[in-house]
Structure formats: structure tokens, C-alpha cells
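Text of the file target-v4.cif, holding mmCIF, C-alpha atoms:
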data_work
loop_
_atom_site.label_atom_id
_atom_site.label_comp_id
_atom_site.auth_asym_id
_atom_site.auth_seq_id
_atom_site.Cartn_x
_atom_site.Cartn_y
_atom_site.Cartn_z
CA MET A 28 0.00 0.00 0.00
CA SER A 29 2.88 2.34 0.71
CA LYS A 30 3.94 2.00 -2.93
CA PHE A 31 0.45 2.42 -4.34
CA ILE A 32 0.70 4.50 -7.52
CA PRO A 33 -2.69 4.49 -9.27
CA ASN A 34 -3.20 5.24 -12.93
CA LYS A 35 -3.74 8.96 -13.31
CA ASN A 36 -7.41 8.49 -14.27
CA VAL A 37 -8.44 6.15 -11.44
CA TYR A 38 -10.05 8.66 -9.11
CA LYS A 39 -11.56 10.66 -11.94
CA ASP A 40 -13.15 7.45 -13.23
CA MET A 41 -14.33 6.53 -9.73
CA PHE A 42 -15.96 9.92 -9.27
CA ASN A 43 -17.64 9.76 -12.69
CA PHE A 44 -19.02 6.25 -12.26
CA GLU A 45 -19.82 5.77 -8.58
CA LYS A 46 -23.07 7.74 -8.38
CA ASN A 47 -25.10 5.74 -10.91
CA TYR A 48 -23.06 2.81 -12.24
CA TRP A 49 -24.53 -0.59 -11.35
CA TRP A 50 -21.37 -1.88 -9.63
CA TYR A 51 -21.15 1.04 -7.20
CA VAL A 52 -24.89 1.30 -6.61
CA ALA A 53 -25.12 -2.39 -5.70
CA LEU A 54 -22.03 -2.19 -3.48
CA ARG A 55 -23.47 0.77 -1.57
CA GLU A 56 -26.89 -0.77 -1.11
CA ASN A 57 -25.38 -4.01 0.21
CA LEU A 58 -23.03 -2.18 2.55
CA ASN A 59 -25.80 0.11 3.76
CA PHE A 60 -28.05 -2.82 4.67
CA PHE A 61 -25.48 -4.39 6.97
CA ILE A 62 -24.45 -1.10 8.56
CA LYS A 63 -28.08 -0.32 9.33
CA LYS A 64 -28.46 -3.82 10.73
CA PHE A 65 -25.51 -3.45 13.11
CA LYS A 66 -26.40 0.14 14.12
CA PRO A 67 -22.85 1.43 14.73
CA LYS A 68 -22.40 4.94 16.07
CA THR A 69 -18.82 5.56 14.92
CA VAL A 70 -17.63 4.20 11.56
CA LEU A 71 -14.38 4.25 9.55
CA ASP A 72 -14.27 4.05 5.76
CA ALA A 73 -10.81 2.53 5.26
CA GLY A 74 -9.80 3.50 1.75
CA CYS A 75 -12.63 5.96 1.25
CA GLY A 76 -11.79 6.91 -2.34
CA THR A 77 -13.87 9.85 -3.49
CA GLY A 78 -16.42 9.42 -0.71
CA ALA A 79 -19.64 8.10 -2.26
CA ASN A 80 -20.13 5.52 0.51
CA MET A 81 -19.52 8.13 3.20
CA ILE A 82 -22.05 10.53 1.70
CA GLU A 83 -24.87 8.05 2.28
CA ILE A 84 -23.70 6.44 5.51
CA LYS A 85 -23.17 9.74 7.32
CA ASN A 86 -26.96 10.19 7.34
CA TYR A 87 -27.56 7.32 9.76
CA VAL A 88 -24.49 7.09 11.97
CA ASP A 89 -23.34 9.55 14.62
CA LYS A 90 -19.90 10.04 13.11
CA ILE A 91 -18.05 8.68 10.09
CA TYR A 92 -14.34 9.01 9.36
CA GLY A 93 -12.54 8.43 6.08
CA ILE A 94 -8.91 7.71 5.28
CA ASP A 95 -7.22 7.29 1.91
CA ILE A 96 -3.66 7.25 0.64
CA SER A 97 -4.52 9.51 -2.31
CA LYS A 98 -4.39 13.27 -1.95
CA GLU A 99 -6.61 13.57 -5.03
CA ALA A 100 -9.26 11.33 -3.44
CA ILE A 101 -9.27 13.39 -0.23
CA GLU A 102 -9.58 16.60 -2.23
CA ILE A 103 -12.67 15.24 -4.00
CA CYS A 104 -14.12 14.20 -0.62
CA ASN A 105 -13.57 17.76 0.60
CA GLU A 106 -15.39 19.07 -2.47
CA ASN A 107 -18.27 16.78 -1.47
CA LYS A 108 -18.33 18.57 1.91
CA LEU A 109 -17.29 15.48 3.91
CA ASN A 110 -15.61 15.86 7.30
CA ASN A 111 -13.24 13.78 9.45
CA LEU A 112 -10.96 13.00 6.51
CA PHE A 113 -7.40 11.76 6.83
CA LEU A 114 -4.64 11.41 4.25
CA GLY A 115 -2.73 8.33 5.29
CA ASN A 116 -1.81 4.68 4.98
CA LEU A 117 -3.93 1.83 6.34
CA VAL A 118 -0.85 0.12 7.77
CA ASN A 119 -0.52 2.92 10.35
CA LEU A 120 -3.94 4.30 11.21
CA PRO A 121 -3.95 7.71 12.96
CA PHE A 122 -6.74 6.72 15.34
CA GLU A 123 -7.05 5.76 18.99
CA ASP A 124 -7.55 2.22 20.25
CA ASN A 125 -11.16 0.98 20.45
CA MET A 126 -12.41 4.03 18.58
CA PHE A 127 -14.84 2.53 16.06
CA ASP A 128 -17.96 0.40 16.24
CA LEU A 129 -17.50 -0.65 12.62
CA ILE A 130 -14.79 -0.45 9.96
CA TYR A 131 -15.43 -1.23 6.31
CA CYS A 132 -12.83 -1.64 3.57
CA MET A 133 -14.31 -1.83 0.08
CA ASP A 134 -12.14 -3.06 -2.80
CA VAL A 135 -8.88 -1.92 -1.23
CA PHE A 136 -7.54 -5.10 0.36
CA GLY A 137 -6.31 -6.45 -2.97
CA ASN A 138 -3.93 -3.49 -3.26
CA LEU A 139 -1.94 -4.81 -0.28
CA ASN A 140 0.80 -7.40 -0.25
CA ASP A 141 0.65 -10.29 2.24
CA ILE A 142 2.67 -8.54 4.95
CA GLU A 143 0.73 -5.29 4.62
CA SER A 144 -2.63 -7.07 4.71
CA ASP A 145 -1.81 -8.70 8.06
CA THR A 146 -0.60 -5.37 9.42
CA VAL A 147 -3.80 -3.65 8.26
CA LEU A 148 -5.97 -6.33 9.88
CA ARG A 149 -4.10 -5.78 13.16
CA GLU A 150 -4.61 -2.03 12.86
CA PHE A 151 -8.32 -2.52 12.23
CA TYR A 152 -8.45 -4.80 15.28
CA ARG A 153 -6.70 -2.21 17.44
CA CYS A 154 -9.09 0.55 16.38
CA LEU A 155 -12.30 -1.47 16.75
CA ASN A 156 -14.08 -1.53 20.07
CA ASN A 157 -14.52 -4.86 21.83
CA SER A 158 -17.67 -5.76 19.94
CA GLY A 159 -16.81 -3.98 16.71
CA TYR A 160 -17.55 -5.22 13.19
CA LEU A 161 -15.27 -5.42 10.16
CA ILE A 162 -16.70 -5.58 6.63
CA ILE A 163 -14.33 -6.35 3.76
CA GLN A 164 -14.97 -6.72 0.06
CA THR A 165 -12.11 -7.39 -2.33
CA ALA A 166 -11.36 -8.72 -5.81
CA ALA A 167 -11.61 -12.51 -5.99
CA ILE A 168 -10.41 -15.50 -8.02
CA GLY A 169 -6.92 -15.25 -9.48
CA GLY A 170 -8.04 -16.56 -12.86
CA LEU A 171 -9.98 -13.32 -13.41
CA THR A 172 -6.84 -11.17 -13.40
CA SER A 173 -6.91 -8.78 -16.37
CA SER A 174 -5.78 -5.34 -17.45
CA HIS A 175 -8.41 -3.96 -15.07
CA ASP A 176 -6.28 -5.16 -12.16
CA GLU A 177 -3.24 -3.35 -13.49
CA TYR A 178 -5.26 -0.18 -14.03
CA TRP A 179 -6.51 -0.27 -10.42
CA ASP A 180 -3.18 -1.56 -9.08
CA ILE A 181 -4.77 -4.75 -7.70
CA GLN A 182 -1.89 -6.88 -6.45
CA LYS A 183 -3.90 -9.96 -5.53
CA ARG A 184 -7.27 -11.60 -6.07
CA TYR A 185 -8.29 -13.74 -3.12
CA GLN A 186 -10.04 -17.06 -2.93
CA LEU A 187 -12.80 -16.72 -0.35
CA GLU A 188 -11.39 -19.41 1.96
CA GLU A 189 -7.93 -17.85 1.79
CA LEU A 190 -9.24 -14.44 2.80
CA GLY A 191 -11.35 -15.98 5.54
CA ASP A 192 -8.35 -17.86 6.95
CA LYS A 193 -6.26 -14.67 6.96
CA ILE A 194 -8.94 -12.75 8.84
CA SER A 195 -9.49 -15.59 11.34
CA LYS A 196 -5.76 -15.86 12.04
CA ASN A 197 -5.81 -12.22 13.05
CA LYS A 198 -8.23 -12.95 15.92
CA TYR A 199 -11.53 -12.09 14.24
CA VAL A 200 -14.66 -14.21 14.39
CA ILE A 201 -16.22 -14.51 10.95
CA ILE A 202 -19.99 -14.16 10.92
CA LYS A 203 -20.58 -14.06 7.14
CA LYS A 204 -18.43 -15.26 4.25
CA SER A 205 -19.59 -15.25 0.63
CA TYR A 206 -18.68 -14.35 -2.91
CA ARG A 207 -20.52 -11.44 -4.58
CA HIS A 208 -21.48 -10.85 -8.22
CA PHE A 209 -22.68 -14.45 -8.42
CA LEU A 210 -25.66 -13.84 -10.71
CA LEU A 211 -23.55 -11.80 -13.12
CA PHE A 212 -20.47 -14.00 -12.88
CA PRO A 213 -20.66 -15.41 -16.46
CA MET A 214 -20.85 -11.89 -17.91
CA ILE A 215 -18.05 -10.59 -15.71
CA ALA A 216 -15.82 -13.60 -16.44
CA LEU A 217 -16.30 -13.11 -20.18
CA ILE A 218 -15.34 -9.43 -19.95
CA LYS A 219 -12.25 -10.37 -17.91
CA ILE A 220 -11.20 -12.93 -20.52
CA LEU A 221 -11.67 -10.46 -23.37
CA ASN A 222 -9.63 -7.83 -21.50
CA LYS A 223 -6.97 -10.19 -20.18
CA ASN A 224 -4.29 -9.10 -22.63
CA LYS A 225 -5.53 -5.60 -23.28
CA LYS A 226 -2.55 -3.32 -23.80
CA GLU A 227 -4.04 0.13 -23.24
CA LEU A 228 -4.54 1.14 -19.64
CA ASN A 229 -6.65 4.21 -20.25
CA SER A 230 -9.61 2.60 -18.51
CA GLY A 231 -10.62 -0.43 -16.48
CA ASP A 232 -13.54 -2.74 -17.14
CA PHE A 233 -16.07 0.00 -16.37
CA PHE A 234 -17.58 1.77 -19.35
CA GLN A 235 -20.70 3.81 -19.99
CA LEU A 236 -23.78 1.67 -20.52
CA PRO A 237 -27.18 2.51 -21.99
CA PHE A 238 -29.60 3.46 -19.22
CA PHE A 239 -31.78 0.36 -19.64
CA ILE A 240 -28.84 -2.06 -19.41
CA ASN A 241 -27.34 -0.31 -16.39
CA TYR A 242 -30.75 -0.19 -14.66
CA SER A 243 -31.32 -3.89 -15.38
CA LEU A 244 -27.94 -4.80 -13.88
CA ILE A 245 -28.77 -2.77 -10.77
CA TRP A 246 -31.95 -4.77 -10.29
CA ILE A 247 -30.18 -8.09 -10.83
CA MET A 248 -27.74 -7.09 -8.12
CA ARG A 249 -30.59 -5.97 -5.86
CA ILE A 250 -31.98 -9.49 -6.11
CA GLU A 251 -28.53 -10.88 -5.29
CA ASN A 252 -28.09 -8.47 -2.37
CA PHE A 253 -31.41 -9.62 -0.95
CA LEU A 254 -30.46 -13.29 -1.29
CA LEU A 255 -27.07 -12.57 0.28
CA ARG A 256 -28.82 -11.72 3.55
CA PHE A 257 -29.78 -15.40 3.84
CA LEU A 258 -27.33 -17.29 1.59
CA ASN A 259 -23.62 -17.53 0.86
CA PHE A 260 -22.72 -17.76 -2.82
CA PRO A 261 -20.17 -20.36 -4.05
CA ILE A 262 -18.50 -18.20 -6.70
CA GLY A 263 -18.27 -14.58 -7.82
CA SER A 264 -15.80 -11.90 -8.83
CA SER A 265 -15.64 -10.39 -5.32
CA ALA A 266 -15.09 -11.89 -1.87
CA PHE A 267 -17.26 -10.48 0.89
CA ILE A 268 -16.66 -11.08 4.59
CA ILE A 269 -18.18 -9.71 7.79
CA ALA A 270 -16.20 -10.38 10.94
CA ARG A 271 -16.27 -9.30 14.55
CA LYS A 272 -13.51 -8.42 16.97
CA ASN A 273 -12.99 -11.38 19.32
#
Would you write the structure of this file as C-alpha cells?
Amino acid sequence: MSKFIPNKNVYKDMFNFEKNYWWYVALRENLNFFIKKFKPKTVLDAGCGTGANMIEIKNYVDKIYGIDISKEAIEICNENKLNNLFLGNLVNLPFEDNMFDLIYCMDVFGNLNDIESDTVLREFYRCLNNSGYLIIQTAAIGGLTSSHDEYWDIQKRYQLEELGDKISKNKYVIIKKSYRHFLLFPMIALIKILNKNKKELNSGDFFQLPFFINYSLIWIMRIENFLLRFLNFPIGSSAFIIARKN
């Protein structure tokens, strides 16, 4: 994470897509459900990017903090009138012990190497209160590696069991473990295969879609998000884990 050097368009693309694009809408709605379920008062967005998750979550928690390694991302968050923002590295969080009821880390964990990921999990553990929750989503299944991963500087795609073992070994109790993007997995896998050897890194896999297609994908993911409340999916392009400080 300390060597993270994103493509120059990453945060611009994130800002342009995250409000309405099916991937981000579905991610937010899934995250929001579980945060509302757990009712935390103080929350940390670890790797907050340009702040779309924080904008919604701040409306139903007492206080939300955000930290990101990118100065550009923090500047965009400031433009969105977000508060409690920190420019920094997840391996050395600038927060007190037992400070947060819940920490979430969305699609950032894959940017860490093995040593950094263990350090980050220990930092999350230190900053969570004694009954605090951790929610992690990250890129999954090594066979899906493509030019998108290089564009977003994804160092590793995790198998679900591997990620679960890593979290458990760092003293957490896992309460939910599933893949995401199960219903759309064939489509996503096909796009990954087509882009596997793509040379130009001027964009990732995200591209503008006609309204009807984007809206249809949102509703497919809404169905999946609903099912995820009761089921764990056996495959998908993202690994999703909820754990609790032991």
C-alpha cells in the first residue's frame, strides 16, 4: 500500500461512475443494509476513495471518518463537503484504540501485499471496540486477473477461503463469508477474458452503458443483495466477509 501508484485516471473514473453505475450502486446498497443492521455509532471508511459511501452512511451514523492514501481522493471528498478525513496509509492508522464500532474496507484489500494485509488487519483490530464489526470486500479469483487489475493496481485476487483464513488468524470471528457478483459472474468472467491481454490502460472494465442495461444490472444485483442476507454464494468476482472483533 505504501507504494500504491494508481493510474492517473483512477479517481476521476471513480468519481464519474460511482453515483449511478450498477457496480457502485449495488455495493453501496449491500453495505448500507449491513451497517443499518448493526447500528454502529462511529464508523471508519478505510480507503474511502472519493467518498460516495460516506455521503450516504453519514446520514444514519453519529460520526463517520474516512482515510485514503490519495491526496486527489481526499480533495474530492472535501469538495463533497465530507468531514473527518485523513490522508494516510492503512498500515498505520492515525486513530485511537477501540475508537470505532464498525470499519469497512471496500475493494482496497487487494492493493496490499501479504505482509501489509496482516498489518492492516491488526490495525483494524486495534481501532475497533470490543464488539466492533469489520466488513471487507475485495477482488476474488486469481483466474480473473486482467488489465483492469493493473489499471486499479490490484496486487492480488483472493479465494474466499484464503481471505477468511487470513482474517481468522488475526483474531476475528467470521460471521458471514460469501462471494458477490454471483448472478452476473458469467458476464463478468467473459469481460475479464476479453480484457486479459488488453494493452491500453486508459480505462478499467467500467464503461458507460445505456440506461436500460445499467438499470437492469442494478436490479439483478438488488436481487442478489437480498439473497445474500440469507445465503452464501459459491463463486463470484468479489469476496465479501463480515467479521467481529474477538
message: For A:Leu155, find every residue with an atom within 9 Å (counting all atoms listed in the file), except residues of its own chain fewer than 6 positions away, and show them as a count of residues only.
response: 9
query: Which distance in Å separates atom CA of A:Asn157 and atom CA of A:Asp89, to one decimal?
result: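 Going from atom CA of A:Asn157 over to atom CA of A:Asp89 covers 18.4 Å.
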- request: Expand the PyMOL selection byres ((chain A and resi 99-104) around 10) into the individual residues it matches in the shown file, reporting them as JSON, numbers by chain.
  value: {"A": [35, 37, 38, 39, 41, 42, 74, 75, 76, 77, 78, 79, 81, 82, 93, 94, 95, 96, 97, 98, 105, 106, 107, 108, 109, 110, 112, 113, 114, 115]}
Can you write out the residues you just picked, keeping C-alpha atoms, as a PDB file, in the coordinates of the input?
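Done, and the output landed in part_37.pdb:
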ATOM      1  CA  LYS A  35      -3.740   8.960 -13.310  1.00  0.00           C
ATOM      2  CA  VAL A  37      -8.440   6.150 -11.440  1.00  0.00           C
ATOM      3  CA  TYR A  38     -10.050   8.660  -9.110  1.00  0.00           C
ATOM      4  CA  LYS A  39     -11.560  10.660 -11.940  1.00  0.00           C
ATOM      5  CA  MET A  41     -14.330   6.530  -9.730  1.00  0.00           C
ATOM      6  CA  PHE A  42     -15.960   9.920  -9.270  1.00  0.00           C
ATOM      7  CA  GLY A  74      -9.800   3.500   1.750  1.00  0.00           C
ATOM      8  CA  CYS A  75     -12.630   5.960   1.250  1.00  0.00           C
ATOM      9  CA  GLY A  76     -11.790   6.910  -2.340  1.00  0.00           C
ATOM     10  CA  THR A  77     -13.870   9.850  -3.490  1.00  0.00           C
ATOM     11  CA  GLY A  78     -16.420   9.420  -0.710  1.00  0.00           C
ATOM     12  CA  ALA A  79     -19.640   8.100  -2.260  1.00  0.00           C
ATOM     13  CA  MET A  81     -19.520   8.130   3.200  1.00  0.00           C
ATOM     14  CA  ILE A  82     -22.050  10.530   1.700  1.00  0.00           C
ATOM     15  CA  GLY A  93     -12.540   8.430   6.080  1.00  0.00           C
ATOM     16  CA  ILE A  94      -8.910   7.710   5.280  1.00  0.00           C
ATOM     17  CA  ASP A  95      -7.220   7.290   1.910  1.00  0.00           C
ATOM     18  CA  ILE A  96      -3.660   7.250   0.640  1.00  0.00           C
ATOM     19  CA  SER A  97      -4.520   9.510  -2.310  1.00  0.00           C
ATOM     20  CA  LYS A  98      -4.390  13.270  -1.950  1.00  0.00           C
ATOM     21  CA  ASN A 105     -13.570  17.760   0.600  1.00  0.00           C
ATOM     22  CA  GLU A 106     -15.390  19.070  -2.470  1.00  0.00           C
ATOM     23  CA  ASN A 107     -18.270  16.780  -1.470  1.00  0.00           C
ATOM     24  CA  LYS A 108     -18.330  18.570   1.910  1.00  0.00           C
ATOM     25  CA  LEU A 109     -17.290  15.480   3.910  1.00  0.00           C
ATOM     26  CA  ASN A 110     -15.610  15.860   7.300  1.00  0.00           C
ATOM     27  CA  LEU A 112     -10.960  13.000   6.510  1.00  0.00           C
ATOM     28  CA  PHE A 113      -7.400  11.760   6.830  1.00  0.00           C
ATOM     29  CA  LEU A 114      -4.640  11.410   4.250  1.00  0.00           C
ATOM     30  CA  GLY A 115      -2.730   8.330   5.290  1.00  0.00           C
TER      31      GLY A 115
END
So for stretch 66-84 of chain A, what box centre and size do we get, axis-aligned, 5 Å extra on each of the six sides, every listed atom, Å to one decimal, as AutoDock Vina command-line options?
--center_x -18.1 --center_y 5.3 --center_z 6.3 --size_x 26.6 --size_y 20.4 --size_z 29.6
field: A:Lys223 surroundings by only C-alpha atoms, 10 Å radius, close-in-sequence under 3 positions cut, as a list in words
entry: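 The residues satisfying every condition are Gly170, Leu171, Thr172, Ser173, Ser174, His175, Asp176, Leu217, Ile218, Lys219, Ile220 and Lys226 of chain A.
Candidate residues A:Lys85, A:Lys203, A:Lys193, A:Lys198 were compared for distance to A:Tyr152, and the nearest is A:Lys198, using all atoms listed in the file.
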message: Expand the PyMOL selection byres ((chain A and resi 270) around 8) into the explicit residue set it covers here, and present it as a ChimeraX atom specification.
response: /A:160-162,194,199-203,268-269,271-272
